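Novice: I'd like to ask some things about the structure below.
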Amino acid sequence: MAPPATRTRQWLPYTAAVTAGLVVIAGAFVLVRQREAGNDCATILQVNSSTEKAALLVDLAERYNRSDRSIKGGGCAQVHVSALNSGKATEALATGWTHTGLPQPQVWLPTSSLWTGQLRLLDEAAGRELQTPDQYPSIANSPLVIAMPQPKAELVRKQGPLGWGEILDLSGRDGWAGFGKPEWGRFTFGKDNPNLSTSGLAATIATYYAAVQRASDLTQSDLADPEVTQFVRRIEANVSHYSDDSVDLLRSLAEADLAGGAGSTDDMSAIVLQEELVDLYNTGALSPRQEGQERGRRPNVPLVAIHPKEGTFNLDHPFVVLPSADERQRAAAADFQKFLTEDTQQERFARLGFRDHERRASAELLASVGAEPTGGLSYFEPPEPQVVGAMLDGWRTLRKKANILIALDTSGSMLAKVGTRTRFQVASAAAGKGLALLNTEDRVGLWSFSSETQQQPKSPYRQEVPLGGFDQKRINSKIAGLEVAGSTALYATIRAAHRELLDRYDPQRINAIVVLTDGKNEYNKDNDLARLLAEVALDPRRPVKVFCIAFDRESDFATLDRIAKASSGKAFDATDPAKIDEAFVKLVSSF
């Protein structure tokens, strides 16, 4: 077992990499709407919520603030809500809540009690008072499910009840051919990175429970069992790519579905996520919508939630009162928690696809996502925080490895200033931080690109480090020595990089191109976007994905987004240079 201090060290690189951009990240999710408090409502309760339910919590807090409720001891309270991803909030609480740009909370509403356990470990490692020593009541629940497009789910269900291992280990060599559907190709699935996502963390725990064939009492000795390790490694090998945000993935899928084209998950047979998101997808909440609409069109092909036979993990959305709350704030928190579990407010949670605070599903939810197994759901017991910490330590070596070809823009515009540094210096520093988060067993190559120059007269792109064993020092050294000049041969470089990865394709790895650019295509010898989109379009038999970071405001983000989506990759918007560190962390989370 890794001691708690090791667990802290592993998480902190993710935190350190986003520290510069955390205020920006948080600012994008600040959903605080305040009104002037009366003299008798002088008690202010700051609540920080996980992002998937934050908009609802803002509305409910406003309703609470307009009510005539009183708190124990007399008077009333005003509740203010901000939002931060549960993983980032865990790290922020462990480091004094600095650099968030958000009010210090007295109440924390993460997605799962898994995060309260991890915060407990971080506090223990630092030798400070525990902020989350207890078990906490739920305000809503959502079980983890395996979501599949309806035709595929119906075919799988004909096999009878299936478990986690049976579903996620369906690929083998035959893939869908074993079900009489060879045209569907391999069986692969999408999954969030467990270091950043509650869905990803819960999915990893479920995989271990499937490996040991139990629903409780997972131990550290289980994690060290070679048979368990091999099972988890085999399951992770079926991942198409890791996601930093399953909501973004579902939005892309809904957009493609309604456009009648290939979806961004064409090479995914299933996605592991919370049931609530399946309902949001099926009811059009994640579809493109017109201004003023609450929801868009329902997708043509809905997702079906498969509840594995041996049980699943529940995301329990705990209501956590932190030690920072004074006596009056604790009284306000108790009343707000009671308010949230009343029927009227619980109906609002149900409309977002949640089960109620006692795990009961509405008829509308089950009609949307699919019926429960006969007899209802059974649930895995959460492992001890130390076991979860050790599991995450081990995941870095068990996860699917990657072939990554990085194409770095060295055109003359990269000399423009961002504060006191050039764009190239800012981008290089961010790339170095991102590279530090890759796995030592990944294979990584580096190209530079601009246009033909005196230093590079024969080609607009050049191989700086060949695709091979990851050598971070060599890559950083090469980046530091690059010449910056010329215009931007964007299409020609992506086209050539795509061919290179097809030639070097490894079916046992995620195969991906990473493009970092501050501009748009300025290369007249190759300006055929339509042909490029056709060439990089995803081949489910040999998927090569393009991930783009649009750096600075001159970047053509819309075109980069089209290129990335054609390949089932993703474009990250760092047109505000302050977001580039965040963009690299999210990008690296895909591998």
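Residue numbers start at 1 in each chain; chains themselves are named A, B, ... in the order of the structure tokens; ligands are numbered from 1 in the order shown.
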Give me the residues near stretch 525-541 of chain A as a list of chain:residue names, where near means some atom within 6 Å (using only C-alpha atoms) and where sequence neighbours in that chain fewer than 5 positions away do not count.

Specialist: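 What passes the distance filter is A:Asp267, A:Ala492, A:Ile563, A:Ala566, A:Ser567.
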
Novice: Can you pull out the residues contacting stretch 40-57 of chain A? Cut-off 8 Å, using only C-alpha atoms, and skip same-chain residues under 3 positions away; I want them as an mmCIF file with all heavy atoms, in the first residue's frame.

Specialist:
data_model
loop_
_atom_site.group_PDB
_atom_site.id
_atom_site.type_symbol
_atom_site.label_atom_id
_atom_site.label_comp_id
_atom_site.auth_asym_id
_atom_site.auth_seq_id
_atom_site.Cartn_x
_atom_site.Cartn_y
_atom_site.Cartn_z
ATOM 1 N N PHE A 29 -17.724 28.740 -13.555
ATOM 2 C CA PHE A 29 -18.790 27.974 -12.912
ATOM 3 C C PHE A 29 -19.410 28.704 -11.727
ATOM 4 O O PHE A 29 -20.222 28.152 -11.018
ATOM 5 C CB PHE A 29 -18.243 26.618 -12.430
ATOM 6 C CG PHE A 29 -17.947 25.667 -13.538
ATOM 7 C CD1 PHE A 29 -16.651 25.429 -13.920
ATOM 8 C CD2 PHE A 29 -18.978 25.022 -14.211
ATOM 9 C CE1 PHE A 29 -16.378 24.554 -14.949
ATOM 10 C CE2 PHE A 29 -18.703 24.147 -15.230
ATOM 11 C CZ PHE A 29 -17.396 23.913 -15.599
ATOM 12 N N LEU A 31 -21.918 30.448 -9.941
ATOM 13 C CA LEU A 31 -23.331 30.584 -10.236
ATOM 14 C C LEU A 31 -24.035 31.292 -9.083
ATOM 15 O O LEU A 31 -25.145 30.960 -8.691
ATOM 16 C CB LEU A 31 -23.934 29.202 -10.462
ATOM 17 C CG LEU A 31 -23.277 28.409 -11.582
ATOM 18 C CD1 LEU A 31 -23.656 26.945 -11.467
ATOM 19 C CD2 LEU A 31 -23.673 28.953 -12.927
ATOM 20 N N ALA A 37 -29.578 41.101 1.969
ATOM 21 C CA ALA A 37 -30.175 40.422 3.118
ATOM 22 C C ALA A 37 -30.745 41.446 4.087
ATOM 23 O O ALA A 37 -30.171 42.513 4.316
ATOM 24 C CB ALA A 37 -29.135 39.566 3.827
ATOM 25 N N LEU A 60 -32.556 26.657 -6.148
ATOM 26 C CA LEU A 60 -33.159 26.254 -4.880
ATOM 27 C C LEU A 60 -32.722 27.180 -3.740
ATOM 28 O O LEU A 60 -33.506 27.460 -2.822
ATOM 29 C CB LEU A 60 -32.806 24.806 -4.567
ATOM 30 C CG LEU A 60 -33.370 23.758 -5.537
ATOM 31 C CD1 LEU A 60 -32.987 22.353 -5.097
ATOM 32 C CD2 LEU A 60 -34.893 23.879 -5.666
ATOM 33 N N ALA A 61 -31.487 27.656 -3.795
ATOM 34 C CA ALA A 61 -31.026 28.603 -2.778
ATOM 35 C C ALA A 61 -31.804 29.905 -2.882
ATOM 36 O O ALA A 61 -32.166 30.517 -1.857
ATOM 37 C CB ALA A 61 -29.527 28.861 -2.937
ATOM 38 N N GLY A 75 -34.317 34.227 13.704
ATOM 39 C CA GLY A 75 -33.783 34.874 12.518
ATOM 40 C C GLY A 75 -33.777 33.936 11.319
ATOM 41 O O GLY A 75 -34.339 32.835 11.356
ATOM 42 N N CYS A 76 -33.147 34.368 10.249
ATOM 43 C CA CYS A 76 -33.086 33.550 9.033
ATOM 44 C C CYS A 76 -31.689 33.647 8.442
ATOM 45 O O CYS A 76 -30.813 34.327 8.990
ATOM 46 C CB CYS A 76 -34.154 33.989 8.033
ATOM 47 S SG CYS A 76 -34.020 35.710 7.509
ATOM 48 N N ALA A 77 -31.496 32.951 7.335
ATOM 49 C CA ALA A 77 -30.171 32.889 6.715
ATOM 50 C C ALA A 77 -30.291 33.112 5.217
ATOM 51 O O ALA A 77 -31.330 32.869 4.612
ATOM 52 C CB ALA A 77 -29.520 31.540 6.990
ATOM 53 N N GLN A 78 -29.218 33.575 4.632
ATOM 54 C CA GLN A 78 -29.086 33.705 3.187
ATOM 55 C C GLN A 78 -28.063 32.678 2.702
ATOM 56 O O GLN A 78 -26.942 32.616 3.223
ATOM 57 C CB GLN A 78 -28.622 35.106 2.818
ATOM 58 C CG GLN A 78 -29.670 36.186 3.070
ATOM 59 C CD GLN A 78 -30.739 36.165 2.007
ATOM 60 O OE1 GLN A 78 -30.487 36.390 0.834
ATOM 61 N NE2 GLN A 78 -31.962 35.881 2.416
ATOM 62 N N VAL A 79 -28.449 31.877 1.713
ATOM 63 C CA VAL A 79 -27.574 30.836 1.173
ATOM 64 C C VAL A 79 -27.023 31.296 -0.170
ATOM 65 O O VAL A 79 -27.783 31.714 -1.049
ATOM 66 C CB VAL A 79 -28.345 29.504 1.005
ATOM 67 C CG1 VAL A 79 -27.442 28.454 0.374
ATOM 68 C CG2 VAL A 79 -28.880 29.023 2.346
ATOM 69 N N HIS A 80 -25.722 31.252 -0.324
ATOM 70 C CA HIS A 80 -25.057 31.605 -1.576
ATOM 71 C C HIS A 80 -24.339 30.361 -2.105
ATOM 72 O O HIS A 80 -23.665 29.664 -1.340
ATOM 73 C CB HIS A 80 -24.050 32.735 -1.365
ATOM 74 C CG HIS A 80 -24.670 33.999 -0.862
ATOM 75 N ND1 HIS A 80 -23.942 34.988 -0.229
ATOM 76 C CD2 HIS A 80 -25.954 34.441 -0.898
ATOM 77 C CE1 HIS A 80 -24.749 35.988 0.097
ATOM 78 N NE2 HIS A 80 -25.972 35.674 -0.292
ATOM 79 N N VAL A 81 -24.466 30.097 -3.398
ATOM 80 C CA VAL A 81 -23.929 28.870 -3.986
ATOM 81 C C VAL A 81 -22.862 29.195 -5.029
ATOM 82 O O VAL A 81 -23.061 30.058 -5.886
ATOM 83 C CB VAL A 81 -25.057 28.043 -4.652
ATOM 84 C CG1 VAL A 81 -24.488 26.807 -5.335
ATOM 85 C CG2 VAL A 81 -26.114 27.648 -3.621
ATOM 86 N N SER A 82 -21.731 28.505 -4.937
ATOM 87 C CA SER A 82 -20.708 28.519 -5.989
ATOM 88 C C SER A 82 -20.466 27.075 -6.400
ATOM 89 O O SER A 82 -21.017 26.146 -5.802
ATOM 90 C CB SER A 82 -19.411 29.169 -5.489
ATOM 91 O OG SER A 82 -18.863 28.409 -4.418
ATOM 92 N N ALA A 83 -19.668 26.861 -7.435
ATOM 93 C CA ALA A 83 -19.496 25.502 -7.949
ATOM 94 C C ALA A 83 -18.051 25.215 -8.304
ATOM 95 O O ALA A 83 -17.320 26.095 -8.770
ATOM 96 C CB ALA A 83 -20.386 25.280 -9.170
ATOM 97 N N LEU A 84 -17.655 23.976 -8.066
ATOM 98 C CA LEU A 84 -16.328 23.508 -8.441
ATOM 99 C C LEU A 84 -16.377 21.989 -8.554
ATOM 100 O O LEU A 84 -17.033 21.318 -7.749
ATOM 101 C CB LEU A 84 -15.291 23.925 -7.381
ATOM 102 C CG LEU A 84 -13.808 23.820 -7.743
ATOM 103 C CD1 LEU A 84 -13.473 24.698 -8.945
ATOM 104 C CD2 LEU A 84 -12.945 24.222 -6.555
ATOM 105 N N ASN A 85 -15.731 21.462 -9.566
ATOM 106 C CA ASN A 85 -15.602 20.023 -9.737
ATOM 107 C C ASN A 85 -15.173 19.365 -8.422
ATOM 108 O O ASN A 85 -14.339 19.890 -7.699
ATOM 109 C CB ASN A 85 -14.561 19.793 -10.847
ATOM 110 C CG ASN A 85 -14.100 18.372 -10.983
ATOM 111 O OD1 ASN A 85 -13.364 17.878 -10.143
ATOM 112 N ND2 ASN A 85 -14.506 17.733 -12.047
ATOM 113 N N SER A 86 -15.758 18.193 -8.112
ATOM 114 C CA SER A 86 -15.515 17.556 -6.809
ATOM 115 C C SER A 86 -14.043 17.275 -6.549
ATOM 116 O O SER A 86 -13.543 17.461 -5.430
ATOM 117 C CB SER A 86 -16.309 16.248 -6.709
ATOM 118 O OG SER A 86 -17.690 16.471 -6.765
ATOM 119 N N PRO A 103 -15.748 31.921 -2.687
ATOM 120 C CA PRO A 103 -15.875 32.090 -1.237
ATOM 121 C C PRO A 103 -15.553 30.790 -0.496
ATOM 122 O O PRO A 103 -15.864 29.700 -0.979
ATOM 123 C CB PRO A 103 -17.355 32.464 -1.049
ATOM 124 C CG PRO A 103 -17.826 32.928 -2.385
ATOM 125 C CD PRO A 103 -17.021 32.170 -3.395
ATOM 126 N N GLN A 104 -14.944 30.935 0.672
ATOM 127 C CA GLN A 104 -14.678 29.767 1.519
ATOM 128 C C GLN A 104 -16.012 29.160 1.948
ATOM 129 O O GLN A 104 -16.852 29.833 2.542
ATOM 130 C CB GLN A 104 -13.887 30.186 2.756
ATOM 131 C CG GLN A 104 -13.575 29.060 3.728
ATOM 132 C CD GLN A 104 -12.281 28.347 3.398
ATOM 133 O OE1 GLN A 104 -11.358 28.963 2.879
ATOM 134 N NE2 GLN A 104 -12.219 27.066 3.688
ATOM 135 N N PRO A 105 -16.245 27.872 1.647
ATOM 136 C CA PRO A 105 -17.550 27.294 1.967
ATOM 137 C C PRO A 105 -17.649 26.819 3.415
ATOM 138 O O PRO A 105 -16.653 26.429 4.020
ATOM 139 C CB PRO A 105 -17.643 26.112 1.007
ATOM 140 C CG PRO A 105 -16.215 25.671 0.829
ATOM 141 C CD PRO A 105 -15.396 26.943 0.893
ATOM 142 N N GLN A 106 -18.880 26.855 3.916
ATOM 143 C CA GLN A 106 -19.193 26.180 5.183
ATOM 144 C C GLN A 106 -19.913 24.858 4.928
ATOM 145 O O GLN A 106 -19.972 23.996 5.798
ATOM 146 C CB GLN A 106 -20.067 27.066 6.075
ATOM 147 C CG GLN A 106 -19.368 28.300 6.600
ATOM 148 C CD GLN A 106 -19.402 29.436 5.604
ATOM 149 O OE1 GLN A 106 -20.448 29.758 5.042
ATOM 150 N NE2 GLN A 106 -18.257 30.057 5.363
ATOM 151 N N VAL A 107 -20.471 24.714 3.713
ATOM 152 C CA VAL A 107 -21.134 23.475 3.302
ATOM 153 C C VAL A 107 -20.560 23.052 1.962
ATOM 154 O O VAL A 107 -20.401 23.876 1.055
ATOM 155 C CB VAL A 107 -22.665 23.654 3.192
ATOM 156 C CG1 VAL A 107 -23.316 22.430 2.562
ATOM 157 C CG2 VAL A 107 -23.265 23.924 4.566
ATOM 158 N N TRP A 108 -20.269 21.780 1.837
ATOM 159 C CA TRP A 108 -19.713 21.216 0.598
ATOM 160 C C TRP A 108 -20.655 20.126 0.111
ATOM 161 O O TRP A 108 -21.061 19.255 0.887
ATOM 162 C CB TRP A 108 -18.325 20.667 0.878
ATOM 163 C CG TRP A 108 -17.625 20.057 -0.306
ATOM 164 C CD1 TRP A 108 -17.704 20.451 -1.613
ATOM 165 C CD2 TRP A 108 -16.712 18.954 -0.275
ATOM 166 N NE1 TRP A 108 -16.902 19.666 -2.399
ATOM 167 C CE2 TRP A 108 -16.279 18.740 -1.603
ATOM 168 C CE3 TRP A 108 -16.214 18.137 0.748
ATOM 169 C CZ2 TRP A 108 -15.378 17.727 -1.936
ATOM 170 C CZ3 TRP A 108 -15.321 17.143 0.412
ATOM 171 C CH2 TRP A 108 -14.899 16.939 -0.913
ATOM 172 N N LEU A 109 -21.009 20.179 -1.179
ATOM 173 C CA LEU A 109 -21.911 19.203 -1.779
ATOM 174 C C LEU A 109 -21.215 18.503 -2.942
ATOM 175 O O LEU A 109 -21.509 18.773 -4.125
ATOM 176 C CB LEU A 109 -23.193 19.892 -2.261
ATOM 177 C CG LEU A 109 -23.941 20.754 -1.241
ATOM 178 C CD1 LEU A 109 -25.168 21.396 -1.894
ATOM 179 C CD2 LEU A 109 -24.352 19.925 -0.033
ATOM 180 N N PRO A 110 -20.287 17.584 -2.660
ATOM 181 C CA PRO A 110 -19.612 16.858 -3.747
ATOM 182 C C PRO A 110 -20.544 15.827 -4.378
ATOM 183 O O PRO A 110 -21.658 15.592 -3.896
ATOM 184 C CB PRO A 110 -18.435 16.190 -3.040
ATOM 185 C CG PRO A 110 -18.939 15.937 -1.650
ATOM 186 C CD PRO A 110 -19.830 17.123 -1.337
ATOM 187 N N THR A 111 -20.080 15.204 -5.432
ATOM 188 C CA THR A 111 -20.882 14.193 -6.119
ATOM 189 C C THR A 111 -20.980 12.904 -5.321
ATOM 190 O O THR A 111 -21.990 12.198 -5.391
ATOM 191 C CB THR A 111 -20.293 13.897 -7.507
ATOM 192 O OG1 THR A 111 -20.228 15.120 -8.243
ATOM 193 C CG2 THR A 111 -21.130 12.902 -8.280
ATOM 194 N N ARG A 328 -24.229 29.596 14.194
ATOM 195 C CA ARG A 328 -25.358 30.089 13.414
ATOM 196 C C ARG A 328 -25.367 29.468 12.010
ATOM 197 O O ARG A 328 -26.429 29.121 11.485
ATOM 198 C CB ARG A 328 -25.290 31.614 13.305
ATOM 199 C CG ARG A 328 -25.505 32.354 14.608
ATOM 200 C CD ARG A 328 -26.969 32.379 15.007
ATOM 201 N NE ARG A 328 -27.785 33.150 14.077
ATOM 202 C CZ ARG A 328 -29.112 33.145 14.082
ATOM 203 N NH1 ARG A 328 -29.773 32.379 14.944
ATOM 204 N NH2 ARG A 328 -29.793 33.886 13.221
ATOM 205 N N GLN A 329 -24.205 29.318 11.429
ATOM 206 C CA GLN A 329 -24.126 28.717 10.098
ATOM 207 C C GLN A 329 -24.498 27.233 10.141
ATOM 208 O O GLN A 329 -25.113 26.717 9.198
ATOM 209 C CB GLN A 329 -22.726 28.913 9.521
ATOM 210 C CG GLN A 329 -22.451 30.355 9.116
ATOM 211 C CD GLN A 329 -20.995 30.622 8.825
ATOM 212 O OE1 GLN A 329 -20.099 29.982 9.397
ATOM 213 N NE2 GLN A 329 -20.730 31.590 7.954
ATOM 214 N N ALA A 332 -28.173 27.180 10.108
ATOM 215 C CA ALA A 332 -28.650 27.474 8.757
ATOM 216 C C ALA A 332 -28.461 26.268 7.853
ATOM 217 O O ALA A 332 -29.333 25.936 7.032
ATOM 218 C CB ALA A 332 -27.902 28.688 8.204
ATOM 219 N N ALA A 333 -27.319 25.582 8.007
ATOM 220 C CA ALA A 333 -27.051 24.401 7.183
ATOM 221 C C ALA A 333 -28.076 23.306 7.471
ATOM 222 O O ALA A 333 -28.570 22.643 6.543
ATOM 223 C CB ALA A 333 -25.635 23.892 7.445
ATOM 224 N N ARG A 348 -37.615 18.688 -8.107
ATOM 225 C CA ARG A 348 -36.700 19.405 -8.996
ATOM 226 C C ARG A 348 -35.479 18.544 -9.303
ATOM 227 O O ARG A 348 -34.990 18.530 -10.440
ATOM 228 C CB ARG A 348 -36.268 20.727 -8.356
ATOM 229 C CG ARG A 348 -37.385 21.737 -8.166
ATOM 230 C CD ARG A 348 -37.814 22.364 -9.483
ATOM 231 N NE ARG A 348 -36.708 22.993 -10.189
ATOM 232 C CZ ARG A 348 -36.228 24.217 -9.925
ATOM 233 N NH1 ARG A 348 -36.773 24.942 -8.946
ATOM 234 N NH2 ARG A 348 -35.218 24.706 -10.617
ATOM 235 N N PHE A 349 -34.960 17.833 -8.299
ATOM 236 C CA PHE A 349 -33.852 16.912 -8.552
ATOM 237 C C PHE A 349 -34.292 15.820 -9.534
ATOM 238 O O PHE A 349 -33.540 15.443 -10.438
ATOM 239 C CB PHE A 349 -33.363 16.282 -7.246
ATOM 240 C CG PHE A 349 -32.458 17.160 -6.430
ATOM 241 C CD1 PHE A 349 -32.935 17.859 -5.331
ATOM 242 C CD2 PHE A 349 -31.124 17.283 -6.761
ATOM 243 C CE1 PHE A 349 -32.103 18.671 -4.578
ATOM 244 C CE2 PHE A 349 -30.273 18.097 -6.018
ATOM 245 C CZ PHE A 349 -30.768 18.790 -4.919
#

Novice: Separation of atom CA of A:Pro149 and atom CA of A:Arg186, in Å?

Specialist: 14.6 Å

Novice: Quote the spacing between atom CA of A:Phe547 and atom CA of A:Ala583 in Å to one decimal place.

Specialist: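 According to the coordinates, atom CA of A:Phe547 and atom CA of A:Ala583 are separated by 10.8 Å.
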
Novice: Enumerate as a list in words all residues of stretch 257-419 of chain A assigned to strand (DSSP E) by DSSP on the backbone, naming them with the chain letters and numbers the document uses.

Specialist: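 Going through stretch 257-419 of chain A, the strand (DSSP E) residues come out as Ala270, Ile271, Val272, Leu273, Gln274, Leu303, Val304, Ala305, Ile306, Asn314, Leu315, Val320, Val321, Ala402, Asn403, Ile404, Leu405, Ile406, Ala407, Leu408, Asp409, Lys417 and Val418 of chain A.
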
Novice: Next, dump the selected residues to file, keeping only N, CA and C atoms, as a tab-separated table (two decimals), in the first residue's frame.

Specialist:
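Saved to result32.tsv:
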chain	number	residue	atom	x	y	z
A	270	ALA	N	-20.01	1.66	-25.54
A	270	ALA	CA	-20.64	1.95	-24.25
A	270	ALA	C	-19.89	3.08	-23.57
A	271	ILE	N	-20.58	3.74	-22.65
A	271	ILE	CA	-19.97	4.80	-21.83
A	271	ILE	C	-20.35	4.53	-20.38
A	272	VAL	N	-19.39	4.56	-19.50
A	272	VAL	CA	-19.65	4.34	-18.08
A	272	VAL	C	-19.85	5.70	-17.42
A	273	LEU	N	-21.06	5.92	-16.90
A	273	LEU	CA	-21.37	7.21	-16.28
A	273	LEU	C	-22.56	7.08	-15.34
A	274	GLN	N	-22.91	8.18	-14.68
A	274	GLN	CA	-24.03	8.12	-13.75
A	274	GLN	C	-25.35	8.15	-14.52
A	303	LEU	N	-29.87	6.49	-25.47
A	303	LEU	CA	-29.00	5.59	-24.71
A	303	LEU	C	-29.85	4.77	-23.75
A	304	VAL	N	-29.42	3.56	-23.48
A	304	VAL	CA	-30.08	2.68	-22.52
A	304	VAL	C	-29.10	2.41	-21.39
A	305	ALA	N	-29.58	2.55	-20.17
A	305	ALA	CA	-28.74	2.29	-19.00
A	305	ALA	C	-28.81	0.82	-18.62
A	306	ILE	N	-27.68	0.15	-18.68
A	306	ILE	CA	-27.62	-1.25	-18.27
A	306	ILE	C	-27.10	-1.30	-16.84
A	314	ASN	N	-23.10	3.62	-6.14
A	314	ASN	CA	-24.03	4.74	-6.04
A	314	ASN	C	-23.27	6.03	-5.76
A	315	LEU	N	-23.60	7.07	-6.51
A	315	LEU	CA	-23.07	8.40	-6.25
A	315	LEU	C	-24.09	9.12	-5.36
A	320	VAL	N	-22.35	18.01	3.31
A	320	VAL	CA	-21.23	18.03	4.26
A	320	VAL	C	-21.13	19.41	4.90
A	321	VAL	N	-21.29	19.47	6.22
A	321	VAL	CA	-21.07	20.71	6.97
A	321	VAL	C	-19.62	20.70	7.44
A	402	ALA	N	-0.67	4.98	-24.52
A	402	ALA	CA	-0.96	5.79	-25.70
A	402	ALA	C	0.25	5.94	-26.61
A	403	ASN	N	-0.03	6.10	-27.91
A	403	ASN	CA	0.90	6.63	-28.91
A	403	ASN	C	0.48	8.07	-29.15
A	404	ILE	N	1.32	9.02	-28.83
A	404	ILE	CA	0.95	10.44	-28.93
A	404	ILE	C	1.98	11.17	-29.79
A	405	LEU	N	1.52	11.78	-30.86
A	405	LEU	CA	2.39	12.61	-31.70
A	405	LEU	C	1.99	14.06	-31.48
A	406	ILE	N	2.89	14.85	-30.91
A	406	ILE	CA	2.63	16.26	-30.60
A	406	ILE	C	3.15	17.11	-31.75
A	407	ALA	N	2.27	17.97	-32.29
A	407	ALA	CA	2.64	18.91	-33.35
A	407	ALA	C	2.56	20.32	-32.78
A	408	LEU	N	3.70	20.98	-32.66
A	408	LEU	CA	3.79	22.27	-31.99
A	408	LEU	C	4.02	23.38	-33.02
A	409	ASP	N	3.15	24.37	-33.02
A	409	ASP	CA	3.21	25.49	-33.94
A	409	ASP	C	4.44	26.36	-33.63
A	417	LYS	N	3.57	38.82	-27.90
A	417	LYS	CA	3.71	38.85	-26.46
A	417	LYS	C	2.41	38.48	-25.74
A	418	VAL	N	2.54	37.72	-24.67
A	418	VAL	CA	1.47	37.47	-23.72
A	418	VAL	C	2.02	37.95	-22.37

Novice: With the cut-off set at 9 Å and counting only C-alpha atoms, tabulate each residue of stretch 375-428 of chain A with an atom at most that distance from an atom of stretch 113-120 of chain A, showing the nearest atom pair and its distance in Å to one decimal, ordered by chain and increasing number, as JSON lines.

Specialist:
{"residue": "A:Pro382", "atom": "CA", "partner": "A:Leu114", "partner_atom": "CA", "distance": 7.4}
{"residue": "A:Pro383", "atom": "CA", "partner": "A:Leu114", "partner_atom": "CA", "distance": 8.6}
{"residue": "A:Glu384", "atom": "CA", "partner": "A:Gly117", "partner_atom": "CA", "distance": 7.7}
{"residue": "A:Pro385", "atom": "CA", "partner": "A:Gly117", "partner_atom": "CA", "distance": 5.0}
{"residue": "A:Gln386", "atom": "CA", "partner": "A:Gln118", "partner_atom": "CA", "distance": 8.0}
{"residue": "A:Val388", "atom": "CA", "partner": "A:Gln118", "partner_atom": "CA", "distance": 7.9}
{"residue": "A:Gly389", "atom": "CA", "partner": "A:Gln118", "partner_atom": "CA", "distance": 7.1}

Novice: Fewer than 5 positions away in the same chain doesn't count, so skip those; otherwise give me all residues within 7 Å of stretch 199-207 of chain A, counting only C-alpha atoms, as a list in words.

Specialist: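 Residues meeting the cut-off are Trp164, Lys191, Asp192, Asn193, Pro194, Val232, Val272, Leu273, Gln274, Thr312 and Phe313 of chain A.
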
Novice: Would you pick out the contacts of stretch 280-291 of chain A at 9 Å or less, using only C-alpha atoms, so that residues sharing its chain but fewer than 2 positions from it are not included, and give the list as a VMD selection string?

Specialist: chain A and resid 247 to 248 250 to 255 258 275 to 278 293 to 299 301 to 304 352 to 353 368 to 369

Novice: Give me every alpha helix (DSSP H) residue in stretch 110-251 of chain A, going by DSSP on the backbone, as a ChimeraX atom specification.

Specialist: /A:113-126,150-157,164-168,198-212,220-224,226-236,246-251

Novice: For A:Ser413, find every residue with an atom within 10 Å (counting only C-alpha atoms), except residues of its own chain fewer than 3 positions away, and show them as a PyMOL selection string.

Specialist: chain A and resi 409-410+416-417+422-424+450+484-488+517-519+554

Novice: Mind writing the picked residues with N, CA and C atoms as a CSV table (one decimal), in the first residue's frame?

Specialist:
chain,number,residue,atom,x,y,z
A,409,ASP,N,3.2,24.4,-33.0
A,409,ASP,CA,3.2,25.5,-33.9
A,409,ASP,C,4.4,26.4,-33.6
A,410,THR,N,5.3,26.5,-34.6
A,410,THR,CA,6.5,27.4,-34.5
A,410,THR,C,6.5,28.6,-35.5
A,416,ALA,N,4.5,36.8,-30.7
A,416,ALA,CA,3.7,37.8,-30.1
A,416,ALA,C,3.7,37.7,-28.6
A,417,LYS,N,3.6,38.8,-27.9
A,417,LYS,CA,3.7,38.9,-26.5
A,417,LYS,C,2.4,38.5,-25.7
A,422,THR,N,6.6,35.5,-24.6
A,422,THR,CA,6.0,35.3,-26.0
A,422,THR,C,5.0,34.2,-25.9
A,423,ARG,N,4.2,34.1,-26.9
A,423,ARG,CA,3.2,33.0,-27.0
A,423,ARG,C,3.9,31.7,-26.9
A,424,PHE,N,5.1,31.6,-27.6
A,424,PHE,CA,5.8,30.3,-27.7
A,424,PHE,C,6.3,29.9,-26.3
A,450,SER,N,5.5,25.1,-39.3
A,450,SER,CA,5.2,26.5,-39.6
A,450,SER,C,4.9,26.5,-41.1
A,484,VAL,N,11.5,30.0,-34.2
A,484,VAL,CA,10.1,30.4,-34.5
A,484,VAL,C,10.1,31.4,-35.7
A,485,ALA,N,9.5,30.9,-36.8
A,485,ALA,CA,9.5,31.7,-38.0
A,485,ALA,C,8.5,31.1,-38.9
A,486,GLY,N,8.0,31.9,-39.9
A,486,GLY,CA,7.2,31.4,-41.0
A,486,GLY,C,5.7,31.5,-40.7
A,487,SER,N,4.9,31.0,-41.6
A,487,SER,CA,3.4,31.0,-41.5
A,487,SER,C,3.0,29.6,-41.0
A,488,THR,N,1.6,29.4,-41.0
A,488,THR,CA,1.1,28.2,-40.4
A,488,THR,C,0.5,27.2,-41.4
A,517,THR,N,-1.7,25.2,-31.6
A,517,THR,CA,-1.5,26.3,-32.5
A,517,THR,C,-2.1,27.6,-32.0
A,518,ASP,N,-1.5,28.7,-32.5
A,518,ASP,CA,-2.1,30.0,-32.1
A,518,ASP,C,-2.8,30.7,-33.3
A,519,GLY,N,-2.9,29.9,-34.4
A,519,GLY,CA,-3.4,30.6,-35.7
A,519,GLY,C,-4.4,29.7,-36.5
A,554,GLU,N,-6.1,34.6,-31.8
A,554,GLU,CA,-6.1,34.5,-33.3
A,554,GLU,C,-6.3,33.1,-33.8
